Structure formats: structure tokens, C-alpha cells
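First the structure, in the form of C-alpha cells, and then the observations on it.
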Amino acid sequence: MRLARRTPARQRDSHAPQPAPSKARNSWYSRAVALLVANDLTKTYGPQTILAGASLAVEEDERVGLVGVNGSGKSTLAKILVGLEQADTGTVAKRREAEIAYLPQEPVFPSDQLVRDLVRGGLAAWSAAKARHDEASAGLSRGDGNAAALLARQAQAGAEIERLGGWDPEHRVESLLGHLGLADRADSPFGGLSGGERRRVALARILVARPSLAVLDEPTNHLDVDTVEWLETYLIQEYTGALLMITHDRYVLDRVCTRTLEVDAGRVYSYDGGYEEYLFQKAERAAQAERTESNRRNLLRRELEWLRRTPSARTGKQKARIQRANIAIAAPKPAEDKRVALELETKRTGKTIVSCDDVTLRTPGDAATGRVLAQGLTLALVKGERLGIVGPNGAGKTTLLRTLLGELQPAGGEVVRGKNTEFAYFDQGRSGLDDVRSIADNITGGAPRVTVNGQTMHSSAYMERFLFEPSKTRQPVGSLSGGERARVALAKLLLRPANLLVLDEPTNDLDLSTLSSLEEMLVETEATALVVTHDRWFLDRVATGILAFEPDAAGVPRVVQYPGGYGSYLELKAVAEARRAADAAERAAPEKQRAASVAPPADARNEKRGKRALTYGERLELEGLPQNIEASDTRVTALEARLAAQSTYTDGTDVPALVRDLETARAESTRLLTRWEELELKREAGEGGGS
């Protein structure tokens, strides 16, 4: 699905990327409109420089995305901005009355506090505003003090209450608990929650609070697709504060953010607009850097040629030229963007990769008491097929993967794995990693050399493909960021030959560059894969089909297969739901009402009796209808074949448009057949009337 280029909310004089405001400008910025301003921040950890002169400003009501490769310092920068860490040098200033809330990747609250109470804790600012309103109202009712001042105080507090969500905070608390999948856990202690549930509690607390600025570190991690879409809509339509959001969800970046900041080599670069505008402007920045470097090389070539001439050519008047050549020689080359290089070593597959017949899935445990997750699942995975698996949290996505892998037994039906099928399983918890051991030990087991696709290379060269410099490979995995841990897990996984990749939330914590590399590897090698992910952009680029956990009309849980990526799935699901709704409405209609809707009025029936014979034009139309019907059926068959072909989902075809064409062709075929039957009946009636 391709998004139209959106017009940035704020246009600058140039479409080229703009650096963060200078120090001189920031002093005005902070007084005028900025909620938060950071100047020349530096931060080092031992020999590693994380930030080197990073500057930025966040304005009122802005929605800012923060991107950069894993380990570039995004989370460190966020912690410095909210005061959880101190920069080595530089300053951070915020507007005096601004409230700033922070969503960390691993929230910490007292383990015995209940979920509902923790979320209510976000109402502190609302409670303070309500207390001020009540105090002013009480003063007015008693006639105390200056009435005009009390009225102004009351109005100001009322406006603050409205900004913070209105007069019924309990309704908002319960609504957010429901939307974030926490309603069933509302009375549970925080200590008993999973990591994903803890993050959702912290997110709900911030959304209830509605601070002046919310700094969110990976808010979509551990959310299912429906919840991500709800959050996206909520942030666009209901959230009133400013946002600074670290996320790798490209749809969220594109639809929510009005500006994108990139952390690159310790500095911060600003681009107007969301993800798509960021890509266009970053490409322009790269092209400008390439032109500058090309001009520098040309200057070097000319000046070096001159310097190599005889000394007599170099008079005192040429000192400036020599100096210019020396400056050009000493100038650093622009840094090249480094990307993870992913390579998959595949093995030949047999006729069967993995299939299941009439499978029933239950939650692990006693078959009699386990909750049914899906019934009647029949599936045969073919070579080159990449199925994205979507559904609410707890629907059974990971259970399905583990059943297909053989780690769990189905509650009913049969799962068949091919004799030659070799799985490569990238699990959600990255459980194959040992946090105590180093990066090198985790990836290669300490071996000096590794074999990749039949080629032997030094282990350090292989790890550099995953952006781990030799100086860093002895670092313990437990000290890495979430994205760096994911890269270690990928590097380890891809050393093992496989013909079926099973990826459970592979996009969590991965930066945009690594996600792009993973997408390219899957598509270009025509890998066979099963992928559980909430990343809709990833599914649209990679998936040839979608397995969706959704109940049928009777509420029985099932898994439904749709062709194409996520956009196609939404279109086809909407069509199916519309058909079910129409069928249900027709079944619910009284028999007489249905008969009345079908039978023509009496006057029309009498009129038809007097006009049974075909006209000359109708006879010609009837003669041509069989040929038209055949052509229409051929078009339907061709469109169905295109929609069933795997290449349709990898060659850039607009699948939603193809689905609409198929629906139109089917409707036209039905119309022609109905018209042929109508004219045939009229012809037969006319011939009967004349006999």
C-alpha cells in the first residue's frame, strides 16, 4: 500500500533537511513557543561517544518522531531530555509550567500496586485543577474575596480540566484500560504482569495524564495491530499535548508525526513531515553530500596536477592555491550510512514444508479446561509463501507458531512437517541469547571463522555485517539495547541453514535500516516464512498472505487466510463483513417484506403482460449476450488467477485495486447473466403467447 505524500504541517524556506535551531535562535525559541530546548548535548560512555553536539527544540502541540540506528543514542537522548540522565556538556531547558511524562522501555512501579490505581495516578494534574476549581467555586458561593479574581481562577481551572480530558476522569480511565487490553487485569498487582502488560499500564497512565509533552520510547512494542491502529487514531484525534516519540513503526511515523528527528553520528537532524517526507528529504541530503564530495574530488585532482608540475610554476603568488589544496586534502569524507547486511542460507525443501488439517488450538495446559483459540484450521504452506499472522494479544498467534514447530501438540487435527524442513525460529523473547556472555560468544560460540552460504570468513567480518565493530564484540549482551540484542539474535540465527523462517515479533526494537534489510532479504531470496508482527508496513512489503485470528458469525474462534499484504487484508475483510451484514439483514427481514421487495407492483406486472414480445433491439441484445457473458467470465477467471499468484504480491502490483477490479468484474458477469435470463423468459413467453 503506497501512501500519498503528505503536506507538512509547517513549511520551511527549503525542503532540504534543517539542523536543529542554533544557540542564538534557541534563546528566542524557548521564550516564544518551545516547550523544551536542548543545546550542544554531549555524552560518552568510556571510549564510545553517543552524543556529540546534539541540539533540538520541541514546540507546543508538535508531534515529533525520533529515529536512528540501534545504538545511535535515541533512548539516551530521551533520558537526558526528561532528566533521568545528565549530559556531559550542554543544556536542557523546558518551559516553567510544562509537565513532561516519559514512557521507558521497562517501566518500574511498586509491585503491589493495582493496575487501576497506577493508571489513576496519572490524574494528579487533573485532581489539582479540580481542587482549584472547587476552591474558587466555594469562595464565590460564600462571597469571599474579589469576585472577579475568583471567577478568573475558576475559568482558568475549568479550562485546564477540559484540556486534561473533561469532567469524568473515571470514564477515561476505564476506556483506556479497555482499549489497551488491560480491563481483565485492572485489579491485578503490577508485579504479576508480563513485560508487555507493564508497558501498556505505563502508557495508559501517560494518556490519562495528558502532559504538555509526552516522551514515548517505543510505545507500539507489544501491542497487537488493532491496538496500534487505535493508538494511532487516539494520538491524532484526541491527544492534546506535544509528543516526542521513538518508534520504528513507519505507519505511525507517517500518520502521526509532523516532524522527524534523526540521531546520526551524535548529532540531530530535523526533517519536516512524517516517515515518507523524511525519506525524500534524507535522499536529498545524501545527494547534496555526494555532489559536495564529487566537487571536492575534482578540486583535489586539479590542484594535485598543478602541484606535481615543476617548482618554477610555484611562485609566491600561488601560496593561496597550495593552501586551498591542503585544506581539500585534509577535509573529511562524508560519513556513509551503514546498513546491516543480511544473507539467508537456504536448504532445498521437499514437497511438503508444513501443513495442518482441521487443527484445533487451545491454550497450553489441560485439554479439557484450556481455552479454544481456533478450530478447523487447514493450511498447506508452499515454497516462497510468506504468511503474516495477525490478531489480538492472547488470540493464539505464538501458540500457532509453536504448534507448527512441534513444541506444542494440537488439541485436534494433524500437523505434518516435511522431512527436509529446517526451521529457523526467531522467538519474541530472544531466548537463545546468554546475557552474561559476549556478543562474539553468543553469535559464533567463540569460533575464529564462520561459514556463510558456503563461504568461510573471519568471525569479526561477519559481525561487522551486523554493525558490531571489532572493539565492541567482547561486550556482554546484557549491556546492549533492545535493538542491538535483536541484531545479535539475527546474526546467530542466520548462521544456520534453513528453508522456513519462523519470526515472532521480529520488528520489535529493530531500527528502520535493519527492518529494511530484513524485508529485502525475505523478498529478494523468495524466502518461505511465517511472521507474527504488528508492523503493518512490514506486512505490506513482505507478506504474500495474511492469517487472521477472527471469530465467525457464531463467535467460534478461527483462523482465516487472505491473499496479499495488510492493505489487501483490510479490503477483503471489509468486503466479507459487508456481505455477512447484508445476509444477516436479509435473514432477519419478515417474509412478506422480502416478497414485497422482490415482486414488482401490480401495475408493472399488468404492463409486462401486454409487452411480452421481444423488440428488435432486445433480440439483437440477446444474440450477443452469450459472447459477452463468456468474455466477462474469462476476465473474472484471469483476475482470480492474478490474485492467487504469489508474484502479484512482490512485483509492485496495487493489490487493493486488483481486488476492486475483481469485484466489479463479478458484478458485471452477474448482471449479464441476469439480463440473459430475463430476455430468454420474455422470448419464451412471447413465443408461447403467439402459438
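Chain labels run A, B, ... following the order of the C-alpha cells; each chain numbers its residues from 1, and ligands are numbered from 1 in the order shown.
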Residue contacts of Leu118 in chain A (9 Å, only C-alpha atoms) excluding same-chain residues fewer than 5 positions away, as a VMD selection string: chain A and resid 109 113 190 201 to 202 205
7 Å contact set for range 180-182 of chain A, only C-alpha atoms, chain neighbours under 4 positions out, as number ranges by chain: A: 176, 186, 200, 227
All residues 6 Å or closer to Asp254 in chain A, only C-alpha atoms, same chain fewer than 2 positions away omitted, as a ChimeraX atom specification: /A:251-252,256,274-275
Create the file for the chosen residues now, containing all heavy atoms and written as an mmCIF file, in the first residue's frame.
data_model
loop_
_atom_site.group_PDB
_atom_site.id
_atom_site.type_symbol
_atom_site.label_atom_id
_atom_site.label_comp_id
_atom_site.auth_asym_id
_atom_site.auth_seq_id
_atom_site.Cartn_x
_atom_site.Cartn_y
_atom_site.Cartn_z
ATOM 1 N N TYR A 251 4.148 3.355 9.731
ATOM 2 C CA TYR A 251 2.818 3.925 9.548
ATOM 3 C C TYR A 251 2.512 4.947 10.634
ATOM 4 O O TYR A 251 1.942 6.008 10.366
ATOM 5 C CB TYR A 251 1.749 2.821 9.552
ATOM 6 C CG TYR A 251 1.549 2.178 8.205
ATOM 7 C CD1 TYR A 251 1.387 0.803 8.086
ATOM 8 C CD2 TYR A 251 1.507 2.944 7.049
ATOM 9 C CE1 TYR A 251 1.207 0.200 6.853
ATOM 10 C CE2 TYR A 251 1.327 2.354 5.813
ATOM 11 C CZ TYR A 251 1.174 0.986 5.715
ATOM 12 O OH TYR A 251 0.993 0.398 4.496
ATOM 13 N N VAL A 252 2.877 4.649 11.887
ATOM 14 C CA VAL A 252 2.664 5.610 12.973
ATOM 15 C C VAL A 252 3.473 6.877 12.711
ATOM 16 O O VAL A 252 2.969 7.997 12.858
ATOM 17 C CB VAL A 252 3.036 4.986 14.333
ATOM 18 C CG1 VAL A 252 3.045 6.043 15.422
ATOM 19 C CG2 VAL A 252 2.044 3.882 14.700
ATOM 20 N N VAL A 256 1.127 10.110 12.215
ATOM 21 C CA VAL A 256 1.011 10.889 13.449
ATOM 22 C C VAL A 256 1.959 12.082 13.464
ATOM 23 O O VAL A 256 1.582 13.175 13.876
ATOM 24 C CB VAL A 256 1.266 9.991 14.682
ATOM 25 C CG1 VAL A 256 1.282 10.825 15.959
ATOM 26 C CG2 VAL A 256 0.214 8.892 14.776
ATOM 27 N N GLY A 274 6.300 13.358 8.184
ATOM 28 C CA GLY A 274 6.437 12.023 8.735
ATOM 29 C C GLY A 274 7.472 11.192 8.005
ATOM 30 O O GLY A 274 8.411 11.718 7.395
ATOM 31 N N TYR A 275 7.272 9.872 8.017
ATOM 32 C CA TYR A 275 8.310 8.965 7.526
ATOM 33 C C TYR A 275 8.569 9.142 6.033
ATOM 34 O O TYR A 275 9.723 9.164 5.596
ATOM 35 C CB TYR A 275 7.889 7.519 7.810
ATOM 36 C CG TYR A 275 8.903 6.509 7.342
ATOM 37 C CD1 TYR A 275 10.155 6.429 7.947
ATOM 38 C CD2 TYR A 275 8.632 5.644 6.289
ATOM 39 C CE1 TYR A 275 11.106 5.509 7.517
ATOM 40 C CE2 TYR A 275 9.565 4.724 5.861
ATOM 41 C CZ TYR A 275 10.795 4.659 6.474
ATOM 42 O OH TYR A 275 11.729 3.749 6.036
#
Contacts of range 351-362 of chain A at 9 Å (only C-alpha atoms; same-chain gap of 5+ positions) as an MDAnalysis selection string: chainID A and resid 367 370:383 396 399:400 403:405 409:422 499:500 558
Contacts of Asp535 in chain A at 8 Å (only C-alpha atoms; same-chain gap of 2+ positions) as a ChimeraX atom specification: /A:225,249-250,507,533,537-539
Distance table requested - range 49-97 of chain A against range 241-245 of chain A, cut-off 8 Å, only C-alpha atoms: one row per qualifying residue with the closest atom pair and its distance in Å to one decimal, ordered by chain and rising residue number, as a Markdown table.
| residue | atom | partner | partner_atom | distance |
| --- | --- | --- | --- | --- |
| A:Val58 | CA | A:Leu244 | CA | 7.8 |
| A:Glu59 | CA | A:Ala242 | CA | 7.3 |
| A:Glu60 | CA | A:Ala242 | CA | 5.8 |
| A:Asp61 | CA | A:Ala242 | CA | 4.2 |
| A:Glu62 | CA | A:Ala242 | CA | 4.9 |
| A:Arg63 | CA | A:Leu243 | CA | 4.7 |
| A:Val64 | CA | A:Leu244 | CA | 4.8 |
| A:Gly65 | CA | A:Met245 | CA | 4.9 |
| A:Leu66 | CA | A:Met245 | CA | 5.8 |
Residue set, range 139-264 of chain A restricted to strand (DSSP E), as a ChimeraX atom specification: /A:213-217,242-246,259-264
Those selected residues, please, written with C-alpha atoms and delivered as a PDB file, in the first residue's frame.
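Resulting contents of out-v8.pdb:
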ATOM      1  CA  LEU A 213       4.942  16.853  26.429  1.00  0.00           C
ATOM      2  CA  ALA A 214       4.967  13.052  26.373  1.00  0.00           C
ATOM      3  CA  VAL A 215       8.289  11.385  25.549  1.00  0.00           C
ATOM      4  CA  LEU A 216       7.445   7.830  24.433  1.00  0.00           C
ATOM      5  CA  ASP A 217      10.152   5.200  23.883  1.00  0.00           C
ATOM      6  CA  ALA A 242       3.060  17.543  22.311  1.00  0.00           C
ATOM      7  CA  LEU A 243       4.765  14.229  21.510  1.00  0.00           C
ATOM      8  CA  LEU A 244       8.374  13.152  21.125  1.00  0.00           C
ATOM      9  CA  MET A 245       8.151   9.533  20.061  1.00  0.00           C
ATOM     10  CA  ILE A 246      10.909   6.988  19.475  1.00  0.00           C
ATOM     11  CA  ARG A 259       8.330  16.391  12.068  1.00  0.00           C
ATOM     12  CA  THR A 260      11.023  13.711  12.158  1.00  0.00           C
ATOM     13  CA  LEU A 261      14.336  13.991  14.023  1.00  0.00           C
ATOM     14  CA  GLU A 262      17.202  11.669  13.144  1.00  0.00           C
ATOM     15  CA  VAL A 263      20.103  10.938  15.504  1.00  0.00           C
ATOM     16  CA  ASP A 264      23.137  10.337  13.300  1.00  0.00           C
TER      17      ASP A 264
END
Pick from A:Leu547, A:Leu84, A:Ala286, A:Val532 nearest to Val559 in chain A, counting only C-alpha atoms: A:Leu547
Residues near range 446-461 of chain A, cut-off 9 Å, only C-alpha atoms, skip fewer than 2 positions along chain, as a list in words: Glu343, Leu344, Glu345, Thr346, Ala440, Asp441, Asn442, Ile443, Thr444, Met463, Glu464, Arg465, Phe468, Glu469, Pro470, Thr473, Leu494, Leu495, Arg496 and Pro497 of chain A
Can you tell me, as an mmCIF file with C-alpha atoms, in the first residue's frame, what residues are no more than 12 Å from Leu123 in chain A when counting only C-alpha atoms, ignoring any on the same chain fewer than 5 positions away?
data_model
loop_
_atom_site.group_PDB
_atom_site.id
_atom_site.type_symbol
_atom_site.label_atom_id
_atom_site.label_comp_id
_atom_site.auth_asym_id
_atom_site.auth_seq_id
_atom_site.Cartn_x
_atom_site.Cartn_y
_atom_site.Cartn_z
ATOM 1 C CA ARG A 116 -6.287 0.594 38.006
ATOM 2 C CA ASP A 117 -4.686 2.621 40.809
ATOM 3 C CA LEU A 118 -1.489 3.101 38.805
ATOM 4 C CA ALA A 128 -5.046 19.638 41.283
ATOM 5 C CA ALA A 129 -7.036 21.585 38.670
ATOM 6 C CA LYS A 130 -10.315 20.203 40.076
ATOM 7 C CA ILE A 161 -9.817 20.396 33.400
ATOM 8 C CA LEU A 164 -6.877 17.257 30.696
ATOM 9 C CA GLY A 165 -9.847 15.294 29.386
ATOM 10 C CA GLY A 166 -13.033 16.701 30.844
ATOM 11 C CA TRP A 167 -15.094 16.270 33.965
ATOM 12 C CA ASP A 168 -15.416 12.485 34.035
ATOM 13 C CA PRO A 169 -11.898 11.073 34.529
ATOM 14 C CA GLU A 170 -13.093 7.646 35.672
ATOM 15 C CA ARG A 172 -11.416 7.847 30.578
ATOM 16 C CA VAL A 173 -9.532 5.521 32.923
ATOM 17 C CA ALA A 204 -2.316 4.288 29.868
ATOM 18 C CA ARG A 205 -1.083 6.370 32.825
ATOM 19 C CA ILE A 206 0.515 8.908 30.458
ATOM 20 C CA LEU A 207 -2.526 9.059 28.152
ATOM 21 C CA VAL A 208 -4.772 9.703 31.166
ATOM 22 C CA ALA A 209 -2.405 12.431 32.419
ATOM 23 C CA ARG A 210 -2.238 14.343 29.097
ATOM 24 C CA PRO A 211 1.030 16.148 29.917
#
